[in-house]
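Pasted below: coords.cif, mmCIF, N, CA and C atoms.
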data_run
#
loop_
_atom_site.label_atom_id
_atom_site.label_comp_id
_atom_site.auth_asym_id
_atom_site.auth_seq_id
_atom_site.Cartn_x
_atom_site.Cartn_y
_atom_site.Cartn_z
N MET A 1 137.57 -149.47 16.05
CA MET A 1 137.30 -150.81 15.57
C MET A 1 136.87 -151.70 16.74
N ARG A 2 135.78 -152.38 16.57
CA ARG A 2 135.28 -153.27 17.62
C ARG A 2 136.07 -154.56 17.66
N ILE A 3 136.29 -155.04 18.85
CA ILE A 3 137.01 -156.30 19.06
C ILE A 3 135.98 -157.40 19.22
N SER A 4 136.20 -158.52 18.56
CA SER A 4 135.24 -159.62 18.60
C SER A 4 135.13 -160.22 20.00
N ILE A 5 133.98 -160.81 20.26
CA ILE A 5 133.76 -161.52 21.53
C ILE A 5 134.79 -162.63 21.68
N GLU A 6 135.12 -163.31 20.60
CA GLU A 6 136.11 -164.40 20.67
C GLU A 6 137.46 -163.90 21.14
N ASN A 7 137.91 -162.74 20.63
CA ASN A 7 139.19 -162.18 21.07
C ASN A 7 139.12 -161.67 22.51
N LYS A 8 138.00 -161.13 22.89
CA LYS A 8 137.84 -160.71 24.29
C LYS A 8 137.85 -161.92 25.21
N LYS A 9 137.27 -163.02 24.75
CA LYS A 9 137.23 -164.23 25.56
C LYS A 9 138.64 -164.79 25.75
N ILE A 10 139.44 -164.78 24.71
CA ILE A 10 140.84 -165.23 24.81
C ILE A 10 141.57 -164.36 25.83
N GLU A 11 141.36 -163.07 25.76
CA GLU A 11 141.98 -162.14 26.71
C GLU A 11 141.49 -162.40 28.13
N ALA A 12 140.18 -162.64 28.29
CA ALA A 12 139.61 -162.90 29.61
C ALA A 12 140.21 -164.15 30.24
N VAL A 13 140.40 -165.19 29.46
CA VAL A 13 140.99 -166.43 29.98
C VAL A 13 142.42 -166.18 30.45
N LYS A 14 143.19 -165.37 29.70
CA LYS A 14 144.54 -165.01 30.14
C LYS A 14 144.50 -164.33 31.50
N ARG A 15 143.56 -163.42 31.66
CA ARG A 15 143.44 -162.69 32.92
C ARG A 15 143.02 -163.61 34.06
N MET A 16 142.09 -164.51 33.78
CA MET A 16 141.64 -165.45 34.81
C MET A 16 142.80 -166.31 35.29
N ARG A 17 143.62 -166.77 34.36
CA ARG A 17 144.79 -167.58 34.73
C ARG A 17 145.77 -166.75 35.56
N ALA A 18 146.01 -165.52 35.14
CA ALA A 18 146.94 -164.64 35.86
C ALA A 18 146.45 -164.36 37.28
N LEU A 19 145.13 -164.35 37.47
CA LEU A 19 144.56 -164.11 38.79
C LEU A 19 144.50 -165.37 39.65
N GLY A 20 144.85 -166.52 39.08
CA GLY A 20 144.86 -167.77 39.84
C GLY A 20 143.48 -168.31 40.14
N ILE A 21 142.52 -168.00 39.29
CA ILE A 21 141.15 -168.46 39.48
C ILE A 21 141.07 -169.97 39.28
N PHE A 22 140.19 -170.60 40.04
CA PHE A 22 139.96 -172.04 40.01
C PHE A 22 139.85 -172.52 38.56
N GLN A 23 140.63 -173.53 38.21
CA GLN A 23 140.74 -174.00 36.83
C GLN A 23 139.40 -174.43 36.23
N GLU A 24 138.56 -175.06 37.01
CA GLU A 24 137.25 -175.49 36.49
C GLU A 24 136.38 -174.28 36.13
N THR A 25 136.49 -173.22 36.90
CA THR A 25 135.75 -171.99 36.60
C THR A 25 136.23 -171.41 35.27
N ILE A 26 137.54 -171.43 35.05
CA ILE A 26 138.10 -170.94 33.78
C ILE A 26 137.60 -171.81 32.63
N ARG A 27 137.64 -173.12 32.81
CA ARG A 27 137.20 -174.03 31.75
C ARG A 27 135.74 -173.80 31.39
N GLN A 28 134.89 -173.63 32.40
CA GLN A 28 133.47 -173.40 32.15
C GLN A 28 133.23 -172.09 31.41
N PHE A 29 134.01 -171.08 31.73
CA PHE A 29 133.90 -169.82 31.00
C PHE A 29 134.38 -169.99 29.57
N GLU A 30 135.53 -170.62 29.41
CA GLU A 30 136.14 -170.78 28.08
C GLU A 30 135.29 -171.66 27.16
N ASP A 31 134.82 -172.79 27.69
CA ASP A 31 134.10 -173.75 26.86
C ASP A 31 132.60 -173.47 26.72
N GLU A 32 132.00 -172.94 27.79
CA GLU A 32 130.55 -172.80 27.81
C GLU A 32 130.05 -171.37 27.96
N GLY A 33 130.98 -170.44 28.15
CA GLY A 33 130.59 -169.04 28.32
C GLY A 33 129.92 -168.73 29.64
N LEU A 34 130.11 -169.61 30.64
CA LEU A 34 129.45 -169.41 31.94
C LEU A 34 130.23 -168.40 32.78
N VAL A 35 129.54 -167.40 33.27
CA VAL A 35 130.14 -166.41 34.17
C VAL A 35 129.86 -166.86 35.60
N SER A 36 130.89 -166.86 36.42
CA SER A 36 130.76 -167.30 37.80
C SER A 36 130.93 -166.15 38.77
N VAL A 37 130.34 -166.34 39.95
CA VAL A 37 130.41 -165.35 41.02
C VAL A 37 131.23 -165.96 42.15
N SER A 38 132.26 -165.23 42.60
CA SER A 38 133.07 -165.64 43.74
C SER A 38 132.36 -165.13 44.99
N GLU A 39 131.86 -166.07 45.79
CA GLU A 39 131.03 -165.75 46.96
C GLU A 39 131.83 -165.80 48.25
N PRO A 40 131.62 -164.84 49.14
CA PRO A 40 132.27 -164.90 50.44
C PRO A 40 131.64 -166.00 51.29
N PRO A 41 132.29 -166.49 52.31
CA PRO A 41 133.58 -166.02 52.83
C PRO A 41 134.79 -166.70 52.18
N LEU A 42 134.60 -167.86 51.56
CA LEU A 42 135.76 -168.61 51.06
C LEU A 42 136.06 -168.34 49.59
N GLY A 43 135.20 -167.64 48.91
CA GLY A 43 135.43 -167.36 47.50
C GLY A 43 135.06 -168.52 46.59
N ALA A 44 134.18 -169.39 47.08
CA ALA A 44 133.72 -170.49 46.23
C ALA A 44 132.94 -169.90 45.06
N PHE A 45 133.00 -170.58 43.91
CA PHE A 45 132.35 -170.07 42.71
C PHE A 45 130.98 -170.71 42.49
N PHE A 46 130.04 -169.86 42.11
CA PHE A 46 128.70 -170.28 41.73
C PHE A 46 128.37 -169.59 40.42
N TRP A 47 127.59 -170.25 39.56
CA TRP A 47 127.20 -169.62 38.31
C TRP A 47 126.28 -168.45 38.58
N ALA A 48 126.41 -167.44 37.76
CA ALA A 48 125.52 -166.28 37.85
C ALA A 48 124.09 -166.73 37.53
N ASP A 49 123.14 -166.29 38.35
CA ASP A 49 121.74 -166.64 38.10
C ASP A 49 121.17 -165.72 37.02
N ASP A 50 119.92 -165.95 36.66
CA ASP A 50 119.30 -165.20 35.56
C ASP A 50 119.27 -163.69 35.82
N GLU A 51 118.98 -163.29 37.05
CA GLU A 51 118.94 -161.87 37.39
C GLU A 51 120.33 -161.24 37.23
N MET A 52 121.34 -161.93 37.73
CA MET A 52 122.71 -161.44 37.61
C MET A 52 123.12 -161.40 36.15
N LEU A 53 122.77 -162.44 35.38
CA LEU A 53 123.13 -162.46 33.95
C LEU A 53 122.51 -161.29 33.21
N GLU A 54 121.31 -160.91 33.57
CA GLU A 54 120.67 -159.75 32.95
C GLU A 54 121.46 -158.48 33.22
N CYS A 55 121.91 -158.31 34.46
CA CYS A 55 122.75 -157.14 34.81
C CYS A 55 124.06 -157.17 34.04
N ILE A 56 124.67 -158.35 33.96
CA ILE A 56 125.94 -158.50 33.23
C ILE A 56 125.74 -158.14 31.77
N ARG A 57 124.71 -158.67 31.13
CA ARG A 57 124.48 -158.43 29.71
C ARG A 57 124.21 -156.96 29.43
N GLN A 58 123.47 -156.30 30.32
CA GLN A 58 123.22 -154.86 30.16
C GLN A 58 124.53 -154.09 30.23
N PHE A 59 125.38 -154.42 31.21
CA PHE A 59 126.68 -153.76 31.33
C PHE A 59 127.52 -154.01 30.07
N GLU A 60 127.57 -155.25 29.63
CA GLU A 60 128.37 -155.59 28.45
C GLU A 60 127.91 -154.82 27.21
N LYS A 61 126.61 -154.75 27.02
CA LYS A 61 126.07 -154.06 25.84
C LYS A 61 126.37 -152.57 25.91
N LYS A 62 126.16 -151.97 27.06
CA LYS A 62 126.37 -150.53 27.23
C LYS A 62 127.85 -150.15 27.06
N ASN A 63 128.76 -151.06 27.46
CA ASN A 63 130.19 -150.73 27.50
C ASN A 63 131.04 -151.49 26.48
N ASP A 64 130.41 -152.24 25.57
CA ASP A 64 131.15 -153.06 24.61
C ASP A 64 132.22 -153.87 25.33
N ALA A 65 131.82 -154.58 26.35
CA ALA A 65 132.76 -155.31 27.22
C ALA A 65 132.34 -156.77 27.35
N LEU A 66 133.22 -157.56 27.95
CA LEU A 66 132.94 -158.95 28.26
C LEU A 66 133.30 -159.20 29.72
N VAL A 67 132.30 -159.51 30.53
CA VAL A 67 132.52 -159.82 31.95
C VAL A 67 132.97 -161.26 32.06
N TYR A 68 134.06 -161.48 32.82
CA TYR A 68 134.55 -162.85 32.96
C TYR A 68 134.41 -163.40 34.38
N VAL A 69 134.26 -162.58 35.37
CA VAL A 69 134.01 -163.07 36.73
C VAL A 69 133.40 -161.92 37.54
N VAL A 70 132.61 -162.30 38.55
CA VAL A 70 132.00 -161.34 39.46
C VAL A 70 132.47 -161.67 40.87
N ILE A 71 132.84 -160.63 41.61
CA ILE A 71 133.25 -160.79 43.00
C ILE A 71 132.15 -160.18 43.87
N ARG A 72 131.49 -161.00 44.67
CA ARG A 72 130.40 -160.52 45.53
C ARG A 72 130.97 -160.10 46.88
N SER A 73 130.47 -158.99 47.39
CA SER A 73 130.88 -158.47 48.70
C SER A 73 129.64 -158.05 49.47
N TYR A 74 129.67 -158.26 50.77
CA TYR A 74 128.62 -157.77 51.66
C TYR A 74 129.27 -156.72 52.55
N THR A 75 128.76 -155.50 52.46
CA THR A 75 129.37 -154.39 53.17
C THR A 75 128.34 -153.71 54.06
N THR A 76 128.80 -152.72 54.83
CA THR A 76 127.88 -151.98 55.69
C THR A 76 126.90 -151.15 54.88
N ILE A 77 127.20 -150.92 53.59
CA ILE A 77 126.27 -150.16 52.75
C ILE A 77 125.55 -151.06 51.75
N GLY A 78 125.60 -152.37 51.99
CA GLY A 78 124.84 -153.29 51.16
C GLY A 78 125.69 -154.25 50.36
N ARG A 79 125.00 -155.06 49.54
CA ARG A 79 125.66 -156.06 48.69
C ARG A 79 126.20 -155.37 47.45
N MET A 80 127.44 -155.74 47.11
CA MET A 80 128.07 -155.19 45.91
C MET A 80 128.61 -156.33 45.07
N ASP A 81 128.38 -156.23 43.77
CA ASP A 81 128.90 -157.20 42.82
C ASP A 81 129.88 -156.47 41.91
N SER A 82 131.15 -156.88 41.97
CA SER A 82 132.20 -156.25 41.18
C SER A 82 132.45 -157.08 39.93
N PHE A 83 132.22 -156.48 38.78
CA PHE A 83 132.39 -157.15 37.49
C PHE A 83 133.81 -156.93 36.99
N LEU A 84 134.59 -157.99 36.84
CA LEU A 84 135.87 -157.90 36.16
C LEU A 84 135.60 -158.16 34.69
N PHE A 85 136.16 -157.34 33.82
CA PHE A 85 135.77 -157.39 32.42
C PHE A 85 136.93 -157.05 31.50
N VAL A 86 136.74 -157.40 30.23
CA VAL A 86 137.65 -157.02 29.16
C VAL A 86 136.93 -155.96 28.34
N SER A 87 137.58 -154.83 28.17
CA SER A 87 136.96 -153.72 27.42
C SER A 87 137.18 -153.89 25.92
N ASP A 88 136.57 -153.03 25.17
CA ASP A 88 136.70 -153.00 23.72
C ASP A 88 137.91 -152.14 23.31
N HIS A 89 138.71 -151.72 24.29
CA HIS A 89 139.85 -150.84 24.04
C HIS A 89 141.16 -151.60 24.24
N ALA A 90 141.60 -152.28 23.19
CA ALA A 90 142.81 -153.11 23.27
C ALA A 90 144.03 -152.31 23.68
N GLU A 91 144.04 -151.02 23.40
CA GLU A 91 145.19 -150.19 23.78
C GLU A 91 145.32 -150.07 25.31
N GLU A 92 144.27 -150.41 26.05
CA GLU A 92 144.30 -150.37 27.52
C GLU A 92 144.67 -151.71 28.14
N TRP A 93 144.70 -152.76 27.34
CA TRP A 93 144.90 -154.09 27.88
C TRP A 93 146.25 -154.25 28.58
N GLU A 94 147.30 -153.63 28.06
CA GLU A 94 148.62 -153.76 28.68
C GLU A 94 148.59 -153.19 30.10
N CYS A 95 147.92 -152.06 30.28
CA CYS A 95 147.78 -151.50 31.64
C CYS A 95 146.98 -152.44 32.53
N ASP A 96 145.94 -153.05 31.96
CA ASP A 96 145.14 -154.01 32.73
C ASP A 96 146.01 -155.18 33.18
N HIS A 97 146.89 -155.66 32.28
CA HIS A 97 147.79 -156.76 32.63
C HIS A 97 148.72 -156.36 33.77
N GLU A 98 149.25 -155.16 33.70
CA GLU A 98 150.14 -154.68 34.77
C GLU A 98 149.39 -154.62 36.10
N ASP A 99 148.15 -154.13 36.08
CA ASP A 99 147.34 -154.07 37.30
C ASP A 99 147.10 -155.48 37.86
N ILE A 100 146.80 -156.42 36.98
CA ILE A 100 146.55 -157.80 37.42
C ILE A 100 147.83 -158.42 37.96
N ASP A 101 148.97 -158.18 37.30
CA ASP A 101 150.25 -158.72 37.78
C ASP A 101 150.58 -158.20 39.18
N MET A 102 150.15 -157.00 39.50
CA MET A 102 150.44 -156.38 40.80
C MET A 102 149.30 -156.55 41.81
N ALA A 103 148.20 -157.18 41.40
CA ALA A 103 146.97 -157.20 42.19
C ALA A 103 147.15 -157.68 43.62
N PHE A 104 148.05 -158.61 43.84
CA PHE A 104 148.17 -159.20 45.16
C PHE A 104 149.38 -158.67 45.94
N SER A 105 150.01 -157.64 45.43
CA SER A 105 151.16 -157.06 46.13
C SER A 105 150.72 -155.89 47.00
N ALA A 106 151.56 -155.54 47.95
CA ALA A 106 151.27 -154.41 48.84
C ALA A 106 151.24 -153.10 48.08
N ASP A 107 151.89 -153.05 46.93
CA ASP A 107 151.95 -151.83 46.13
C ASP A 107 150.81 -151.71 45.12
N SER A 108 149.86 -152.62 45.17
CA SER A 108 148.79 -152.66 44.18
C SER A 108 147.94 -151.39 44.21
N GLN A 109 147.62 -150.91 43.03
CA GLN A 109 146.67 -149.81 42.88
C GLN A 109 145.28 -150.35 42.58
N GLY A 110 145.13 -151.67 42.60
CA GLY A 110 143.86 -152.32 42.36
C GLY A 110 143.67 -152.71 40.92
N VAL A 111 142.52 -153.31 40.65
CA VAL A 111 142.14 -153.70 39.29
C VAL A 111 140.85 -152.97 38.95
N LEU A 112 140.69 -152.65 37.68
CA LEU A 112 139.50 -151.93 37.23
C LEU A 112 138.30 -152.86 37.23
N ALA A 113 137.20 -152.38 37.78
CA ALA A 113 135.96 -153.16 37.84
C ALA A 113 134.78 -152.21 37.78
N PHE A 114 133.65 -152.76 37.35
CA PHE A 114 132.39 -152.04 37.51
C PHE A 114 131.75 -152.62 38.74
N VAL A 115 131.45 -151.77 39.72
CA VAL A 115 130.84 -152.24 40.97
C VAL A 115 129.37 -151.88 40.96
N SER A 116 128.55 -152.92 40.94
CA SER A 116 127.11 -152.78 40.96
C SER A 116 126.66 -152.85 42.41
N ASN A 117 126.14 -151.73 42.93
CA ASN A 117 125.63 -151.69 44.30
C ASN A 117 124.17 -152.14 44.24
N ILE A 118 123.92 -153.35 44.68
CA ILE A 118 122.59 -153.96 44.56
C ILE A 118 121.55 -153.22 45.40
N ASP A 119 121.93 -152.81 46.61
CA ASP A 119 120.98 -152.16 47.51
C ASP A 119 120.82 -150.66 47.27
N ALA A 120 121.78 -150.06 46.59
CA ALA A 120 121.71 -148.63 46.24
C ALA A 120 122.23 -148.47 44.81
N PRO A 121 121.43 -148.86 43.82
CA PRO A 121 121.89 -148.87 42.42
C PRO A 121 122.46 -147.54 41.94
N ASP A 122 121.99 -146.42 42.47
CA ASP A 122 122.51 -145.12 42.05
C ASP A 122 123.97 -144.93 42.45
N CYS A 123 124.46 -145.75 43.36
CA CYS A 123 125.85 -145.65 43.83
C CYS A 123 126.77 -146.60 43.06
N SER A 124 126.27 -147.28 42.05
CA SER A 124 127.10 -148.16 41.23
C SER A 124 128.06 -147.31 40.43
N GLU A 125 129.31 -147.83 40.25
CA GLU A 125 130.30 -147.03 39.53
C GLU A 125 131.46 -147.88 39.04
N MET A 126 132.21 -147.30 38.11
CA MET A 126 133.43 -147.88 37.60
C MET A 126 134.57 -147.35 38.46
N GLY A 127 135.52 -148.23 38.79
CA GLY A 127 136.67 -147.78 39.58
C GLY A 127 137.60 -148.93 39.89
N TYR A 128 138.63 -148.63 40.65
CA TYR A 128 139.62 -149.63 41.03
C TYR A 128 139.25 -150.22 42.37
N ILE A 129 139.40 -151.55 42.46
CA ILE A 129 139.14 -152.27 43.72
C ILE A 129 140.36 -153.10 44.07
N GLY A 130 140.56 -153.29 45.37
CA GLY A 130 141.61 -154.19 45.83
C GLY A 130 141.04 -155.58 45.94
N ILE A 131 141.83 -156.58 45.57
CA ILE A 131 141.38 -157.97 45.64
C ILE A 131 142.44 -158.83 46.29
N SER A 132 142.01 -159.98 46.78
CA SER A 132 142.93 -160.99 47.27
C SER A 132 142.41 -162.35 46.84
N GLN A 133 143.29 -163.34 46.87
CA GLN A 133 142.88 -164.70 46.54
C GLN A 133 142.26 -165.33 47.79
N THR A 134 141.41 -166.32 47.56
CA THR A 134 140.73 -167.01 48.67
C THR A 134 141.18 -168.46 48.72
N PRO A 135 140.89 -169.14 49.84
CA PRO A 135 141.27 -170.56 49.95
C PRO A 135 140.65 -171.46 48.88
N ALA A 136 139.56 -171.02 48.25
CA ALA A 136 138.87 -171.83 47.24
C ALA A 136 139.28 -171.42 45.82
N ALA A 137 140.44 -170.77 45.66
CA ALA A 137 140.94 -170.30 44.36
C ALA A 137 139.97 -169.31 43.72
N GLY A 138 139.30 -168.55 44.57
CA GLY A 138 138.41 -167.49 44.12
C GLY A 138 139.04 -166.14 44.45
N LEU A 139 138.22 -165.12 44.36
CA LEU A 139 138.68 -163.76 44.63
C LEU A 139 137.78 -163.11 45.66
N ARG A 140 138.38 -162.20 46.42
CA ARG A 140 137.64 -161.45 47.42
C ARG A 140 138.01 -159.98 47.26
N ARG A 141 137.02 -159.12 47.39
CA ARG A 141 137.29 -157.66 47.37
C ARG A 141 137.74 -157.26 48.77
N ILE A 142 138.86 -156.56 48.83
CA ILE A 142 139.38 -156.14 50.14
C ILE A 142 139.29 -154.63 50.37
N TRP A 143 139.10 -153.87 49.31
CA TRP A 143 138.83 -152.43 49.40
C TRP A 143 138.20 -151.94 48.13
#

Translate the structure of the given file into structure tokens.
Amino acid sequence: MRISIENKKIEAVKRMRALGIFQETIRQFEDEGLVSVSEPPLGAFFWADDEMLECIRQFEKKNDALVYVVIRSYTTIGRMDSFLFVSDHAEEWECDHEDIDMAFSADSQGVLAFVSNIDAPDCSEMGYIGISQTPAAGLRRIW
């Protein structure tokens, strides 16, 4: 059974709050459906541009998911955009909550994300990433 976008959005807002994301970013997502990108070095939020939105929409359609925030990273192997999302599998949400609750602890196993490798698209993949909070109430990928 497919989960409605409205229910995924409610779930996404819960996750955003649990992650301590900047309140205005949460409001813009909740009220206007705007997806924001947490940019290094301070994790300030910027709205996803048209190119990024196209990538997000393709991912959402292919995976029956809803992306609620993107974490941008610049690495030695190129720029990576990590999509945090709510899946269409409600039975997995409790595990996602546990991962988010532990995200900032030393014992964290990370949070599930789709990582889009902009410079090497063939290396894009789904997996767990480590995150930390930033001074601007954003998120940063740490591994």

- Reference answer for the PyMOL selection byres (((chain A and resi 80-95 and name CA) around 9) and name CA), as a ChimeraX atom specification: /A:1-4,8-9,11-12,15,37,56,60,63-75,77-79,96-100,111-119,124,129,141

- Which residues come within 7 Å of A:Gln23, counting all atoms listed in the file, excluding same-chain residues fewer than 4 positions away, as a ChimeraX atom specification? /A:27-28,137

- Enter the distance from atom N of A:Asp49 to atom N of A:Glu32, in Å, rounded to one decimal. 15.3 Å

- Task: Taking the chain letters and numbering used in this document, name the residues of chain A that DSSP puts in helix (DSSP H, G or I), as a PyMOL selection string.
- Result: chain A and resi 5-18+23-32+50-63+90-102+121-123

- Give me, please, the distance in Å between atom CA of A:Phe29 and atom CA of A:Gly138, quoted to one decimal. 14.1 Å

- Among listed residues A:Ile131, A:Met126, A:Ala136, A:Ala120, nearest A:Ala106 (using only C-alpha atoms):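 Among the listed residues, the smallest separation from A:Ala106 belongs to A:Ile131.
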
I would like the residues chosen by the PyMOL selection byres ((chain A and resi 45) around 8) on the shown file; could you give them as a JSON list (two decimals) with N, CA and C atoms, in the frame of the given file?
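Resulting contents of selection-v8.json:
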[["chain", "number", "residue", "atom", "x", "y", "z"],
["A", 25, "THR", "N", 136.49, -173.22, 36.90],
["A", 25, "THR", "CA", 135.75, -171.99, 36.60],
["A", 25, "THR", "C", 136.23, -171.41, 35.27],
["A", 35, "VAL", "N", 129.54, -167.40, 33.27],
["A", 35, "VAL", "CA", 130.14, -166.41, 34.17],
["A", 35, "VAL", "C", 129.86, -166.86, 35.60],
["A", 36, "SER", "N", 130.89, -166.86, 36.42],
["A", 36, "SER", "CA", 130.76, -167.30, 37.80],
["A", 36, "SER", "C", 130.93, -166.15, 38.77],
["A", 37, "VAL", "N", 130.34, -166.34, 39.95],
["A", 37, "VAL", "CA", 130.41, -165.35, 41.02],
["A", 37, "VAL", "C", 131.23, -165.96, 42.15],
["A", 38, "SER", "N", 132.26, -165.23, 42.60],
["A", 38, "SER", "CA", 133.07, -165.64, 43.74],
["A", 38, "SER", "C", 132.36, -165.13, 44.99],
["A", 39, "GLU", "N", 131.86, -166.07, 45.79],
["A", 39, "GLU", "CA", 131.03, -165.75, 46.96],
["A", 39, "GLU", "C", 131.83, -165.80, 48.25],
["A", 40, "PRO", "N", 131.62, -164.84, 49.14],
["A", 40, "PRO", "CA", 132.27, -164.90, 50.44],
["A", 40, "PRO", "C", 131.64, -166.00, 51.29],
["A", 42, "LEU", "N", 134.60, -167.86, 51.56],
["A", 42, "LEU", "CA", 135.76, -168.61, 51.06],
["A", 42, "LEU", "C", 136.06, -168.34, 49.59],
["A", 43, "GLY", "N", 135.20, -167.64, 48.91],
["A", 43, "GLY", "CA", 135.43, -167.36, 47.50],
["A", 43, "GLY", "C", 135.06, -168.52, 46.59],
["A", 44, "ALA", "N", 134.18, -169.39, 47.08],
["A", 44, "ALA", "CA", 133.72, -170.49, 46.23],
["A", 44, "ALA", "C", 132.94, -169.90, 45.06],
["A", 46, "PHE", "N", 130.04, -169.86, 42.11],
["A", 46, "PHE", "CA", 128.70, -170.28, 41.73],
["A", 46, "PHE", "C", 128.37, -169.59, 40.42],
["A", 47, "TRP", "N", 127.59, -170.25, 39.56],
["A", 47, "TRP", "CA", 127.20, -169.62, 38.31],
["A", 47, "TRP", "C", 126.28, -168.45, 38.58],
["A", 48, "ALA", "N", 126.41, -167.44, 37.76],
["A", 48, "ALA", "CA", 125.52, -166.28, 37.85],
["A", 48, "ALA", "C", 124.09, -166.73, 37.53],
["A", 136, "ALA", "N", 139.56, -171.02, 48.25],
["A", 136, "ALA", "CA", 138.87, -171.83, 47.24],
["A", 136, "ALA", "C", 139.28, -171.42, 45.82],
["A", 137, "ALA", "N", 140.44, -170.77, 45.66],
["A", 137, "ALA", "CA", 140.94, -170.30, 44.36],
["A", 137, "ALA", "C", 139.97, -169.31, 43.72],
["A", 138, "GLY", "N", 139.30, -168.55, 44.57],
["A", 138, "GLY", "CA", 138.41, -167.49, 44.12],
["A", 138, "GLY", "C", 139.04, -166.14, 44.45],
["A", 139, "LEU", "N", 138.22, -165.12, 44.36],
["A", 139, "LEU", "CA", 138.68, -163.76, 44.63],
["A", 139, "LEU", "C", 137.78, -163.11, 45.66]]

- Task: To one decimal in Å, tell me the separation between atom CA of A:Tyr128 and atom CA of A:Phe59.
- Result: 16.7 Å

Enclose all atoms of stretch 71-85 of chain A listed in the file in an axis-aligned box, grow every side by 6 Å, and hand back centre and edge lengths in Å to one decimal, as lines of an AutoDock Vina configuration file.
center_x = 130.9
center_y = -155.6
center_z = 43.6
size_x = 24.1
size_y = 22.8
size_z = 36.2

- Message: I need the residue nearest A:Pro135 from this list: A:Pro41, A:Gly110, A:Gly33, A:Pro121. Use only N, CA and C atoms for the distance.
- Response: A:Pro41

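Of the listed residues (A:Phe22, A:Thr76, A:Lys14, A:Gly130), A:Gly130 comes nearest to A:Ile142; the distances count only C-alpha atoms.
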
Expected file for stretch 36-49 of chain A keeping N, CA and C atoms, as a PDB file, in the first residue's frame:
ATOM      1  N   SER A  36      15.544  22.151   1.133  1.00  0.00           N
ATOM      2  CA  SER A  36      16.735  22.964   1.329  1.00  0.00           C
ATOM      3  C   SER A  36      17.989  22.107   1.344  1.00  0.00           C
ATOM      4  N   VAL A  37      19.101  22.764   1.013  1.00  0.00           N
ATOM      5  CA  VAL A  37      20.410  22.125   0.991  1.00  0.00           C
ATOM      6  C   VAL A  37      21.242  22.745   2.104  1.00  0.00           C
ATOM      7  N   SER A  38      21.807  21.900   2.971  1.00  0.00           N
ATOM      8  CA  SER A  38      22.716  22.348   4.024  1.00  0.00           C
ATOM      9  C   SER A  38      24.111  22.418   3.406  1.00  0.00           C
ATOM     10  N   GLU A  39      24.626  23.637   3.288  1.00  0.00           N
ATOM     11  CA  GLU A  39      25.891  23.893   2.592  1.00  0.00           C
ATOM     12  C   GLU A  39      27.046  24.048   3.570  1.00  0.00           C
ATOM     13  N   PRO A  40      28.195  23.459   3.255  1.00  0.00           N
ATOM     14  CA  PRO A  40      29.368  23.677   4.097  1.00  0.00           C
ATOM     15  C   PRO A  40      29.894  25.095   3.902  1.00  0.00           C
ATOM     16  N   PRO A  41      30.672  25.627   4.804  1.00  0.00           N
ATOM     17  CA  PRO A  41      31.214  24.968   5.992  1.00  0.00           C
ATOM     18  C   PRO A  41      30.309  25.074   7.223  1.00  0.00           C
ATOM     19  N   LEU A  42      29.387  26.030   7.243  1.00  0.00           N
ATOM     20  CA  LEU A  42      28.598  26.257   8.457  1.00  0.00           C
ATOM     21  C   LEU A  42      27.254  25.536   8.455  1.00  0.00           C
ATOM     22  N   GLY A  43      26.886  24.956   7.350  1.00  0.00           N
ATOM     23  CA  GLY A  43      25.608  24.258   7.289  1.00  0.00           C
ATOM     24  C   GLY A  43      24.427  25.183   7.089  1.00  0.00           C
ATOM     25  N   ALA A  44      24.696  26.375   6.543  1.00  0.00           N
ATOM     26  CA  ALA A  44      23.593  27.292   6.250  1.00  0.00           C
ATOM     27  C   ALA A  44      22.709  26.661   5.179  1.00  0.00           C
ATOM     28  N   PHE A  45      21.411  26.965   5.227  1.00  0.00           N
ATOM     29  CA  PHE A  45      20.465  26.361   4.292  1.00  0.00           C
ATOM     30  C   PHE A  45      20.172  27.282   3.120  1.00  0.00           C
ATOM     31  N   PHE A  46      20.132  26.672   1.942  1.00  0.00           N
ATOM     32  CA  PHE A  46      19.743  27.340   0.713  1.00  0.00           C
ATOM     33  C   PHE A  46      18.718  26.449   0.025  1.00  0.00           C
ATOM     34  N   TRP A  47      17.770  27.051  -0.691  1.00  0.00           N
ATOM     35  CA  TRP A  47      16.789  26.255  -1.413  1.00  0.00           C
ATOM     36  C   TRP A  47      17.463  25.503  -2.540  1.00  0.00           C
ATOM     37  N   ALA A  48      16.973  24.319  -2.804  1.00  0.00           N
ATOM     38  CA  ALA A  48      17.473  23.536  -3.927  1.00  0.00           C
ATOM     39  C   ALA A  48      17.139  24.271  -5.227  1.00  0.00           C
ATOM     40  N   ASP A  49      18.120  24.358  -6.122  1.00  0.00           N
ATOM     41  CA  ASP A  49      17.879  25.010  -7.409  1.00  0.00           C
ATOM     42  C   ASP A  49      17.165  24.045  -8.356  1.00  0.00           C
TER      43      ASP A  49
END
